[in-house]
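Reading through the structure tokens given below for one structure.
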Amino acid sequence: WAASAQNHEDFLQCLSLHSQNSTSISQVIYTPNNSSYLPILQFSIQNLRFTSSDTPKPAVIVTPSHESQISTVIKCSRTHGLQIRVRSGGHDYEGLSYLSELPFVVLDMINFKSITVDTETRTAWVQSGSTVGELYYRIAEKSKVLGFPAGVCPTVGVGGHFSGGGYGMMLRKYGLAADNVIDARLVNVNGEILDRKSMGEDLFWAIRGGGGASFGVILEWKIKLLSVPQDVTVFTVDKTLEQNATNLVHKWQYVASKFPEDLFIRNFIRRVNSTRDGQQTIQASFNSLFLGGQDRLLSLMQESFPELGLAKEDCTEMSWIESVLYFAGFPRGESLGVLLDRTPLVRLYFKAKSDYVKEPISQNGLEGIWKMFYEDEAETAQMIMTPYGGKMDEISEYAIPFPHRAGNLYKIQQSVYWEEEGEVAAERHISWIRRLYSYMAPYVSKLPRAAYINYRDLDVGVNNQGNTSYAQASIWGFKYFKKNFNRLVKVKTMVDPGNFFRNEQSIPPVSLRR
Ligand code: FDA
């Protein structure tokens, strides 16, 4: 303890020494005896599992307001043996942006939230501490016919989200957020600020889907803005088992990835009380964005998915930005300003997992899933099935580190939520989702059983502490990145051979032979 307390003191002194010539860092440093320390730490934590008193806490939180302060934090952390956890929106499912078993500093990018939209060049620079909600708002402020294909929840931070891929309702039309990043600026392990040109194409490739935390601190992204129509159409059609949900989900698997790319229909599975008799049942919600008007949508649905019985009354035409609010769960007519509110919409305890489906799951297989949703722990569980195809099939699996492209019908996110504090409740719910995951093994991708890094799941493997080995990291690395894992290791070896930027699922460097 004494040694680490001394390290922390030395670290703080290092910060103030280095910052004498740059913007004063003292105003953005928070230590545990500062009254703002806990509120700042907890502000963007999404998963209540990581808010308990025994969750490891940072020695220091720094909320830089100037780029030079980030270089200073990196240099002083290296000198005084502290780890860095970089946090943008704080949505990491396993809390890797704000916790570590080793003594650490949180670099919270919350003050890096400027967004500059240029409608002439159809580009924007967005700082990493911005949320996707803020980005959508700033785009819509300037144009009604431009948008961006990123996440659905407005409070997700662009720092983590774009660096892990990032998808939303326009995935089939435009791919991932990371597919549409055209430049970036970051601070590397030596505290140097680099852009696409000076970092080179390998590093620029790696941070678009390989997870930013292994490679440096991303300051901002330059993105391509994309066309959206003046009016889009949305619908959500709920079907319970009594209303033929199993057949509909079964059919959906065959058609959802084949629709024209303007049409995106995802599927939510939950347990609900039936409105008919109050008995519990399983509900599939078909939740859709169509980049066009309702007449075209209705005829398309009549042609390719008539079984759903979509009717005019189910559809609403609105602007693209209104659809952002709709999918985030806000009522119609809500002011667009809610997109600027960074306070998490809900905060619960949760655990999530992901899977990729290459062949439709049989009706029996689906019924087995429903059965698991009747178990006690699954009261607030859900499964989201996100269709692939369209643009996702066209982009090579090597274009960026995110490899899950052609050959996937859809992605699944399984998640379970609970409200009770403590280990017992956590254990019960986590063990339920692990059982669901085992049950699903025969129906999903194999060798590797693929997973999405932005749905971080430490069950798929973690690095060994200290000297992270390639072999250990390969266990989770090939699931997230397939063959791209090896290229990520090469880039890491080149840019951070001493493995300063590391966490439980960071890319390891390989030691170079002497
Ligand atoms: P956070 O700040 O927790 O960072 C996540 C990881 O990125 C950490 O390892 C962190 O160190 C690193 N990192 C963050 N900022 C960095 C920076 N500036 N430089 C370097 N490394 C940095 N995903 C999706 O694709 N589509 C969706 O619709 C949603 N929806 C969604 C809803 C909710 C409620 C949650 C909790 C999560 C999602 N996600 C999602 C998952 C989301 O994409 C994922 O958690 C992102 O990593 C979150 O990015 P943040 O910046 O918010 O996280």
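Here, A, B, ... name the chains of the structure tokens in the order displayed, residue numbers run from 1 inside each chain, and ligands are numbered from 1 in the same displayed order.
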Exercise answer, 7 Å around ligand 1 with only C-alpha atoms and all ligand atoms, as a ChimeraX atom specification:
/A:46,85-93,95-97,109,128-129,150-153,156-161,163-168,211-213,216-219,454-455
Based on DSSP run over this structure's backbone, return all residues of range 63-259 of chain A in alpha helix (DSSP H), as a count of residues only.
57
With only C-alpha atoms as the basis for distance, which of A:Ala378, A:Ile70, A:Leu339, A:Leu48 is at the shortest distance from His18 in chain A?
A:Ile70
Nearest candidate to Gly293 in chain A (options A:Pro387, A:Pro360, A:Pro229, A:Pro508; using only C-alpha atoms)
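Nearest to Gly293 in chain A: A:Pro229.
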Coordinates-based distance that separates CA of Phe162 in chain A from CA of Val145 in chain A (Å, one decimal)
22.0 Å
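By chain and then residue number, the residues within 12 Å of Tyr349 in chain A are A:Ile45, A:Gln46, A:Asn47, A:Leu48, A:Arg49, A:Phe50, A:Thr51, A:Ser52, A:Tyr93, A:Glu94, A:Gly95, A:Val346, A:Ala352, A:Thr380, A:Ala381, A:Ser415, A:Val416, A:Tyr417, A:Trp418, A:Glu419, A:Glu420, A:Glu421, A:Gly422, A:Glu423, A:Ala425, A:Ala426, A:Glu427, A:His429, A:Ile430, counting only C-alpha atoms and disregarding those fewer than 3 positions away in sequence.
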Could the residues in this selection be written to a file with N, CA and C atoms, as a PDB file, in the first residue's frame?
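To be explicit, this is the file written out as part-v1.pdb:
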ATOM      1  N   ILE A  45     -21.235   5.277 -15.795  1.00  0.00           N
ATOM      2  CA  ILE A  45     -21.244   3.808 -15.645  1.00  0.00           C
ATOM      3  C   ILE A  45     -22.649   3.294 -15.989  1.00  0.00           C
ATOM      4  N   GLN A  46     -22.711   2.364 -16.939  1.00  0.00           N
ATOM      5  CA  GLN A  46     -23.990   1.843 -17.394  1.00  0.00           C
ATOM      6  C   GLN A  46     -24.409   0.604 -16.631  1.00  0.00           C
ATOM      7  N   ASN A  47     -23.410  -0.195 -16.273  1.00  0.00           N
ATOM      8  CA  ASN A  47     -23.723  -1.493 -15.701  1.00  0.00           C
ATOM      9  C   ASN A  47     -23.544  -1.427 -14.195  1.00  0.00           C
ATOM     10  N   LEU A  48     -24.655  -1.557 -13.455  1.00  0.00           N
ATOM     11  CA  LEU A  48     -24.580  -1.421 -11.995  1.00  0.00           C
ATOM     12  C   LEU A  48     -23.714  -2.502 -11.339  1.00  0.00           C
ATOM     13  N   ARG A  49     -23.401  -3.568 -12.102  1.00  0.00           N
ATOM     14  CA  ARG A  49     -22.510  -4.603 -11.530  1.00  0.00           C
ATOM     15  C   ARG A  49     -21.180  -4.010 -11.093  1.00  0.00           C
ATOM     16  N   PHE A  50     -20.811  -2.868 -11.672  1.00  0.00           N
ATOM     17  CA  PHE A  50     -19.488  -2.313 -11.383  1.00  0.00           C
ATOM     18  C   PHE A  50     -19.562  -1.023 -10.576  1.00  0.00           C
ATOM     19  N   THR A  51     -20.592  -0.936  -9.728  1.00  0.00           N
ATOM     20  CA  THR A  51     -20.699   0.274  -8.909  1.00  0.00           C
ATOM     21  C   THR A  51     -20.601  -0.044  -7.423  1.00  0.00           C
ATOM     22  N   SER A  52     -20.330  -1.313  -7.073  1.00  0.00           N
ATOM     23  CA  SER A  52     -20.352  -1.657  -5.651  1.00  0.00           C
ATOM     24  C   SER A  52     -19.097  -1.130  -4.961  1.00  0.00           C
ATOM     25  N   TYR A  93     -19.639  -3.211 -21.585  1.00  0.00           N
ATOM     26  CA  TYR A  93     -20.474  -4.166 -20.847  1.00  0.00           C
ATOM     27  C   TYR A  93     -19.756  -4.745 -19.630  1.00  0.00           C
ATOM     28  N   GLU A  94     -18.427  -4.811 -19.699  1.00  0.00           N
ATOM     29  CA  GLU A  94     -17.675  -5.403 -18.577  1.00  0.00           C
ATOM     30  C   GLU A  94     -16.896  -4.328 -17.808  1.00  0.00           C
ATOM     31  N   GLY A  95     -17.207  -3.078 -18.073  1.00  0.00           N
ATOM     32  CA  GLY A  95     -16.610  -1.987 -17.282  1.00  0.00           C
ATOM     33  C   GLY A  95     -15.130  -1.744 -17.524  1.00  0.00           C
ATOM     34  N   VAL A 346     -31.770   4.232 -18.567  1.00  0.00           N
ATOM     35  CA  VAL A 346     -32.026   3.334 -17.429  1.00  0.00           C
ATOM     36  C   VAL A 346     -30.691   2.745 -17.026  1.00  0.00           C
ATOM     37  N   ALA A 352     -24.355  -9.591 -20.884  1.00  0.00           N
ATOM     38  CA  ALA A 352     -24.792  -9.840 -22.260  1.00  0.00           C
ATOM     39  C   ALA A 352     -23.770 -10.687 -23.008  1.00  0.00           C
ATOM     40  N   THR A 380     -36.597 -10.416 -17.110  1.00  0.00           N
ATOM     41  CA  THR A 380     -36.295  -9.208 -17.900  1.00  0.00           C
ATOM     42  C   THR A 380     -35.164  -9.484 -18.891  1.00  0.00           C
ATOM     43  N   ALA A 381     -35.090 -10.727 -19.346  1.00  0.00           N
ATOM     44  CA  ALA A 381     -34.057 -11.046 -20.344  1.00  0.00           C
ATOM     45  C   ALA A 381     -34.582 -10.673 -21.728  1.00  0.00           C
ATOM     46  N   SER A 415     -29.226 -10.900 -23.580  1.00  0.00           N
ATOM     47  CA  SER A 415     -28.883 -10.139 -22.377  1.00  0.00           C
ATOM     48  C   SER A 415     -29.889 -10.418 -21.272  1.00  0.00           C
ATOM     49  N   VAL A 416     -29.382 -10.297 -20.043  1.00  0.00           N
ATOM     50  CA  VAL A 416     -30.249 -10.503 -18.893  1.00  0.00           C
ATOM     51  C   VAL A 416     -30.016  -9.346 -17.924  1.00  0.00           C
ATOM     52  N   TYR A 417     -31.105  -8.832 -17.376  1.00  0.00           N
ATOM     53  CA  TYR A 417     -31.058  -7.651 -16.501  1.00  0.00           C
ATOM     54  C   TYR A 417     -31.653  -8.011 -15.154  1.00  0.00           C
ATOM     55  N   TRP A 418     -31.218  -7.329 -14.128  1.00  0.00           N
ATOM     56  CA  TRP A 418     -31.843  -7.515 -12.813  1.00  0.00           C
ATOM     57  C   TRP A 418     -31.666  -6.252 -11.984  1.00  0.00           C
ATOM     58  N   GLU A 419     -32.476  -6.183 -10.899  1.00  0.00           N
ATOM     59  CA  GLU A 419     -32.460  -4.952 -10.111  1.00  0.00           C
ATOM     60  C   GLU A 419     -31.878  -5.151  -8.729  1.00  0.00           C
ATOM     61  N   GLU A 420     -31.808  -6.413  -8.270  1.00  0.00           N
ATOM     62  CA  GLU A 420     -31.343  -6.646  -6.897  1.00  0.00           C
ATOM     63  C   GLU A 420     -29.834  -6.567  -6.827  1.00  0.00           C
ATOM     64  N   GLU A 421     -29.380  -5.933  -5.746  1.00  0.00           N
ATOM     65  CA  GLU A 421     -27.956  -5.801  -5.521  1.00  0.00           C
ATOM     66  C   GLU A 421     -27.391  -7.139  -5.043  1.00  0.00           C
ATOM     67  N   GLY A 422     -26.112  -7.321  -5.164  1.00  0.00           N
ATOM     68  CA  GLY A 422     -25.441  -8.433  -4.481  1.00  0.00           C
ATOM     69  C   GLY A 422     -25.101  -9.609  -5.371  1.00  0.00           C
ATOM     70  N   GLU A 423     -24.183 -10.431  -4.799  1.00  0.00           N
ATOM     71  CA  GLU A 423     -23.611 -11.563  -5.527  1.00  0.00           C
ATOM     72  C   GLU A 423     -24.638 -12.633  -5.890  1.00  0.00           C
ATOM     73  N   ALA A 425     -27.914 -12.527  -6.542  1.00  0.00           N
ATOM     74  CA  ALA A 425     -28.734 -12.213  -7.720  1.00  0.00           C
ATOM     75  C   ALA A 425     -27.871 -12.251  -8.979  1.00  0.00           C
ATOM     76  N   ALA A 426     -26.659 -11.707  -8.875  1.00  0.00           N
ATOM     77  CA  ALA A 426     -25.769 -11.678 -10.047  1.00  0.00           C
ATOM     78  C   ALA A 426     -25.483 -13.108 -10.493  1.00  0.00           C
ATOM     79  N   GLU A 427     -25.131 -13.943  -9.555  1.00  0.00           N
ATOM     80  CA  GLU A 427     -24.783 -15.327  -9.842  1.00  0.00           C
ATOM     81  C   GLU A 427     -25.939 -16.048 -10.554  1.00  0.00           C
ATOM     82  N   HIS A 429     -28.467 -14.822 -12.299  1.00  0.00           N
ATOM     83  CA  HIS A 429     -28.766 -14.334 -13.656  1.00  0.00           C
ATOM     84  C   HIS A 429     -27.642 -14.655 -14.636  1.00  0.00           C
ATOM     85  N   ILE A 430     -26.418 -14.519 -14.144  1.00  0.00           N
ATOM     86  CA  ILE A 430     -25.290 -14.809 -15.044  1.00  0.00           C
ATOM     87  C   ILE A 430     -25.287 -16.300 -15.382  1.00  0.00           C
TER      88      ILE A 430
END
Check the smallest atom-to-atom distance from each of A:Tyr254, A:Phe481, A:Trp205, A:Tyr136 to Ser323 in chain A using only C-alpha atoms, then report the winner.
A:Tyr136
Which residues in range 109-208 of chain A does DSSP call strand (DSSP E or B)? List them as a PyMOL selection string.
chain A and resi 115-118+123-127+131+146-147+157+181-187+193-194
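Of the listed residues A:Phe268, A:Ile115, A:Thr343, A:Glu317, the one whose atoms come nearest to Phe43 in chain A is A:Thr343, with distances taken using only C-alpha atoms.
Here CA of Asp376 in chain A and CA of Asp457 in chain A stand 22.6 Å from one another.
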Near-Gln363 in chain A list (8 Å; only C-alpha atoms; drop same-chain fewer than 5 positions) as number ranges by chain
A: 246-247, 250
Could you check the closest approach to Ser24 in chain A for each of A:His66, A:Pro56, A:Gly477, A:Ala5 and tell me which residue wins, using only C-alpha atoms?
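Nearest to Ser24 in chain A: A:His66.
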Determine the nearest neighbour of His404 in chain A from the options A:Met392, A:Leu102, A:Ala178, A:Ala441, counting only C-alpha atoms.
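Ranking A:Met392, A:Leu102, A:Ala178, A:Ala441 by distance to His404 in chain A, first place goes to A:Met392.
In this model, the gap between CA of Val234 in chain A and CA of Leu171 in chain A comes to 15.3 Å.
Neighbouring residues of Phe204 in chain A at 9 Å or closer, counting only C-alpha atoms and skipping chain neighbours under 6 positions away, are A:Asp183, A:Ala184, A:Asp195, A:Arg196, A:Lys197.
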Can you pull out every residue within 9 Å of Ser469 in chain A, counting only C-alpha atoms, but drop anything in the same chain fewer than 3 positions away, and send it as a ChimeraX atom specification?
/A:463-464,472-474,508-510
Generate the output file for the selected residues, N, CA and C atoms, as a PDB file, in the first residue's frame.
ATOM      1  N   ASN A 463      -7.009 -12.148 -21.068  1.00  0.00           N
ATOM      2  CA  ASN A 463      -5.541 -12.217 -21.064  1.00  0.00           C
ATOM      3  C   ASN A 463      -5.034 -12.693 -19.707  1.00  0.00           C
ATOM      4  N   ASN A 464      -3.841 -13.307 -19.728  1.00  0.00           N
ATOM      5  CA  ASN A 464      -3.208 -13.556 -18.439  1.00  0.00           C
ATOM      6  C   ASN A 464      -2.620 -12.231 -17.947  1.00  0.00           C
ATOM      7  N   GLN A 472      -2.798 -17.090 -25.137  1.00  0.00           N
ATOM      8  CA  GLN A 472      -3.959 -16.842 -24.262  1.00  0.00           C
ATOM      9  C   GLN A 472      -4.939 -15.870 -24.937  1.00  0.00           C
ATOM     10  N   ALA A 473      -4.371 -14.817 -25.546  1.00  0.00           N
ATOM     11  CA  ALA A 473      -5.226 -13.805 -26.175  1.00  0.00           C
ATOM     12  C   ALA A 473      -5.947 -14.361 -27.406  1.00  0.00           C
ATOM     13  N   SER A 474      -5.333 -15.371 -28.054  1.00  0.00           N
ATOM     14  CA  SER A 474      -5.975 -15.946 -29.248  1.00  0.00           C
ATOM     15  C   SER A 474      -7.337 -16.547 -28.917  1.00  0.00           C
ATOM     16  N   PRO A 508      -2.318  -8.332 -27.629  1.00  0.00           N
ATOM     17  CA  PRO A 508      -0.947  -8.399 -27.110  1.00  0.00           C
ATOM     18  C   PRO A 508       0.089  -8.139 -28.203  1.00  0.00           C
ATOM     19  N   PRO A 509       1.229  -7.563 -27.844  1.00  0.00           N
ATOM     20  CA  PRO A 509       2.337  -7.529 -28.814  1.00  0.00           C
ATOM     21  C   PRO A 509       3.040  -8.880 -28.738  1.00  0.00           C
ATOM     22  N   VAL A 510       3.765  -9.260 -29.783  1.00  0.00           N
ATOM     23  CA  VAL A 510       4.594 -10.466 -29.630  1.00  0.00           C
ATOM     24  C   VAL A 510       6.021 -10.003 -29.413  1.00  0.00           C
TER      25      VAL A 510
END
Env of Gly147 in chain A: 9 Å cut, atoms = only C-alpha atoms, seq-sep filter 2 positions within chain, self excluded. Answer as a list of chain:residue names.
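The neighbour list is A:Tyr136, A:Ile139, A:Ala140, A:Ser143, A:Lys144, A:Val145, A:Pro149, A:Leu225, A:Leu226, A:Ser227, A:Val228, A:Trp320, A:Ile321.
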Export, as a short mmCIF file (atom, residue, chain, number, x, y, z; two decimals), in the first residue's frame, the selected residues with all heavy atoms.
data_model
loop_
_atom_site.label_atom_id
_atom_site.label_comp_id
_atom_site.auth_asym_id
_atom_site.auth_seq_id
_atom_site.Cartn_x
_atom_site.Cartn_y
_atom_site.Cartn_z
N TYR A 136 -25.96 12.67 -33.85
CA TYR A 136 -27.17 12.69 -34.68
C TYR A 136 -27.83 14.06 -34.62
O TYR A 136 -28.30 14.60 -35.62
CB TYR A 136 -28.18 11.63 -34.23
CG TYR A 136 -27.68 10.19 -34.27
CD1 TYR A 136 -28.12 9.25 -33.35
CD2 TYR A 136 -26.78 9.78 -35.25
CE1 TYR A 136 -27.69 7.93 -33.39
CE2 TYR A 136 -26.34 8.46 -35.29
CZ TYR A 136 -26.79 7.54 -34.36
OH TYR A 136 -26.36 6.26 -34.39
N ILE A 139 -25.91 16.62 -36.71
CA ILE A 139 -26.09 16.40 -38.15
C ILE A 139 -27.46 16.95 -38.56
O ILE A 139 -27.58 17.72 -39.51
CB ILE A 139 -25.98 14.91 -38.53
CG1 ILE A 139 -24.59 14.36 -38.20
CG2 ILE A 139 -26.29 14.71 -40.02
CD1 ILE A 139 -24.46 12.85 -38.36
N ALA A 140 -28.50 16.59 -37.78
CA ALA A 140 -29.86 16.98 -38.14
C ALA A 140 -30.04 18.50 -38.06
O ALA A 140 -30.87 19.06 -38.78
CB ALA A 140 -30.86 16.28 -37.23
N SER A 143 -28.78 19.42 -41.55
CA SER A 143 -29.35 18.83 -42.76
C SER A 143 -30.42 17.80 -42.44
O SER A 143 -30.29 17.03 -41.48
CB SER A 143 -28.23 18.14 -43.56
OG SER A 143 -28.80 17.30 -44.53
N LYS A 144 -31.47 17.81 -43.26
CA LYS A 144 -32.55 16.82 -43.05
C LYS A 144 -32.33 15.58 -43.91
O LYS A 144 -33.09 14.62 -43.83
CB LYS A 144 -33.90 17.45 -43.43
CG LYS A 144 -34.26 18.61 -42.52
CD LYS A 144 -35.76 18.76 -42.42
CE LYS A 144 -36.22 19.76 -41.38
NZ LYS A 144 -35.23 20.34 -40.50
N VAL A 145 -31.32 15.64 -44.78
CA VAL A 145 -31.12 14.51 -45.69
C VAL A 145 -29.75 13.85 -45.52
O VAL A 145 -29.29 13.11 -46.38
CB VAL A 145 -31.34 14.92 -47.16
CG1 VAL A 145 -32.82 15.19 -47.44
CG2 VAL A 145 -30.51 16.13 -47.54
N PRO A 149 -24.68 5.94 -39.79
CA PRO A 149 -25.10 4.61 -39.35
C PRO A 149 -24.38 4.15 -38.08
O PRO A 149 -23.40 3.42 -38.15
CB PRO A 149 -24.70 3.72 -40.53
CG PRO A 149 -23.49 4.40 -41.11
CD PRO A 149 -23.65 5.87 -40.85
N LEU A 225 -20.67 11.54 -43.95
CA LEU A 225 -22.11 11.61 -43.69
C LEU A 225 -22.85 10.99 -44.87
O LEU A 225 -22.37 11.06 -46.01
CB LEU A 225 -22.54 13.06 -43.48
CG LEU A 225 -21.79 13.77 -42.35
CD1 LEU A 225 -22.26 15.22 -42.22
CD2 LEU A 225 -21.98 13.04 -41.02
N LEU A 226 -23.97 10.37 -44.61
CA LEU A 226 -24.63 9.59 -45.66
C LEU A 226 -26.06 10.04 -45.88
O LEU A 226 -26.70 10.57 -44.97
CB LEU A 226 -24.57 8.11 -45.26
CG LEU A 226 -23.09 7.65 -45.20
CD1 LEU A 226 -22.87 6.57 -44.19
CD2 LEU A 226 -22.61 7.23 -46.57
N SER A 227 -26.52 9.82 -47.11
CA SER A 227 -27.86 10.30 -47.48
C SER A 227 -28.95 9.53 -46.76
O SER A 227 -28.91 8.29 -46.69
CB SER A 227 -28.09 10.08 -48.98
OG SER A 227 -27.14 10.81 -49.70
N VAL A 228 -29.93 10.27 -46.27
CA VAL A 228 -31.17 9.65 -45.79
C VAL A 228 -32.32 10.38 -46.47
O VAL A 228 -32.20 11.57 -46.77
CB VAL A 228 -31.30 9.74 -44.24
CG1 VAL A 228 -30.26 8.91 -43.54
CG2 VAL A 228 -31.26 11.18 -43.73
N TRP A 320 -35.71 11.22 -40.54
CA TRP A 320 -34.73 10.27 -40.01
C TRP A 320 -34.41 10.57 -38.54
O TRP A 320 -34.36 9.65 -37.71
CB TRP A 320 -33.44 10.32 -40.87
CG TRP A 320 -32.36 9.47 -40.28
CD1 TRP A 320 -32.29 8.11 -40.31
CD2 TRP A 320 -31.22 9.91 -39.53
NE1 TRP A 320 -31.17 7.67 -39.63
CE2 TRP A 320 -30.49 8.77 -39.15
CE3 TRP A 320 -30.74 11.17 -39.15
CZ2 TRP A 320 -29.32 8.82 -38.40
CZ3 TRP A 320 -29.56 11.23 -38.41
CH2 TRP A 320 -28.87 10.08 -38.04
N ILE A 321 -34.27 11.86 -38.20
CA ILE A 321 -33.88 12.18 -36.81
C ILE A 321 -35.02 11.82 -35.85
O ILE A 321 -34.78 11.39 -34.72
CB ILE A 321 -33.41 13.66 -36.67
CG1 ILE A 321 -32.71 13.88 -35.32
CG2 ILE A 321 -34.54 14.64 -36.86
CD1 ILE A 321 -31.38 13.22 -35.17
#
Per residue of range 66-184 of chain A within 9 Å of range 279-292 of chain A, what are the shortest atom pair and its distance in Å to one decimal, counting only C-alpha atoms, with rows by chain and residue number, as JSON lines?
{"residue": "A:Met169", "atom": "CA", "partner": "A:Leu289", "partner_atom": "CA", "distance": 6.4}
{"residue": "A:Met170", "atom": "CA", "partner": "A:Leu289", "partner_atom": "CA", "distance": 7.9}
{"residue": "A:Lys173", "atom": "CA", "partner": "A:Leu291", "partner_atom": "CA", "distance": 8.9}
